[in-house]
Amino acid sequence: MGPVVTARPPQTLYVTIRRDELRLLKEERDLLLEEVTQLRMQLQHVQLSSQNQAMVR
């Protein structure tokens, strides 16, 4: 067995972010969420198409 390591309480990290940085991060998040939605719709379309093709065969 290896050495016993005592658990330490979690530490809190405080950061400062400017308003413009926060706005940019929110905009990027919104764009990524839109992209995820589009990709999910494309995946669903492909899955439905492949199911329909399997039924036809």
# chains A, B, ... in the order shown; residues from 1 in each chain; ligands from 1

$ select_by_dssp --residues "chain A" --states "helix (DSSP H, G or I)" --output "VMD selection string"
chain A and resid 19 to 56

$ decode --residues "chain A" --atoms "C-alpha atoms" --output "short mmCIF file (atom, residue, chain, number, x, y, z; two decimals), in the first residue's frame"
data_model
loop_
_atom_site.label_atom_id
_atom_site.label_comp_id
_atom_site.auth_asym_id
_atom_site.auth_seq_id
_atom_site.Cartn_x
_atom_site.Cartn_y
_atom_site.Cartn_z
CA MET A 1 0.00 0.00 0.00
CA GLY A 2 1.10 3.56 -0.66
CA PRO A 3 1.47 6.39 1.81
CA VAL A 4 -1.61 7.80 3.50
CA VAL A 5 -2.48 11.29 2.29
CA THR A 6 -4.71 13.45 4.44
CA ALA A 7 -7.46 15.30 2.63
CA ARG A 8 -7.31 19.07 2.77
CA PRO A 9 -10.39 21.25 2.65
CA PRO A 10 -11.09 22.69 -0.82
CA GLN A 11 -9.63 26.10 -1.52
CA THR A 12 -11.59 28.92 -3.09
CA LEU A 13 -9.99 30.76 -5.98
CA TYR A 14 -11.08 34.32 -6.56
CA VAL A 15 -10.59 35.89 -9.97
CA THR A 16 -11.31 39.29 -11.38
CA ILE A 17 -12.86 39.67 -14.80
CA ARG A 18 -13.62 42.85 -16.65
CA ARG A 19 -17.11 43.56 -17.96
CA ASP A 20 -15.96 43.44 -21.57
CA GLU A 21 -14.32 40.05 -20.99
CA LEU A 22 -17.48 38.74 -19.38
CA ARG A 23 -19.58 40.01 -22.29
CA LEU A 24 -17.27 38.28 -24.78
CA LEU A 25 -17.44 35.03 -22.83
CA LYS A 26 -21.24 35.19 -22.74
CA GLU A 27 -21.36 35.84 -26.49
CA GLU A 28 -19.03 32.90 -27.12
CA ARG A 29 -21.16 30.69 -24.87
CA ASP A 30 -24.30 31.68 -26.78
CA LEU A 31 -22.64 30.90 -30.12
CA LEU A 32 -21.47 27.51 -28.84
CA LEU A 33 -24.95 26.70 -27.54
CA GLU A 34 -26.40 27.55 -30.96
CA GLU A 35 -23.83 25.32 -32.62
CA VAL A 36 -24.65 22.45 -30.26
CA THR A 37 -28.34 22.85 -31.09
CA GLN A 38 -27.61 22.77 -34.83
CA LEU A 39 -25.39 19.72 -34.50
CA ARG A 40 -28.03 17.89 -32.47
CA MET A 41 -30.62 18.64 -35.13
CA GLN A 42 -28.27 17.40 -37.87
CA LEU A 43 -27.56 14.22 -35.91
CA GLN A 44 -31.26 13.63 -35.37
CA HIS A 45 -31.89 14.13 -39.09
CA VAL A 46 -29.15 11.66 -40.02
CA GLN A 47 -30.48 9.12 -37.53
CA LEU A 48 -34.01 9.44 -38.88
CA SER A 49 -32.76 9.13 -42.46
CA SER A 50 -30.81 5.99 -41.67
CA GLN A 51 -33.83 4.49 -39.88
CA ASN A 52 -36.04 5.24 -42.88
CA GLN A 53 -33.52 3.68 -45.26
CA ALA A 54 -33.35 0.58 -43.07
CA MET A 55 -37.14 0.26 -43.16
CA VAL A 56 -37.24 0.52 -46.96
CA ARG A 57 -34.76 -2.32 -47.41
#
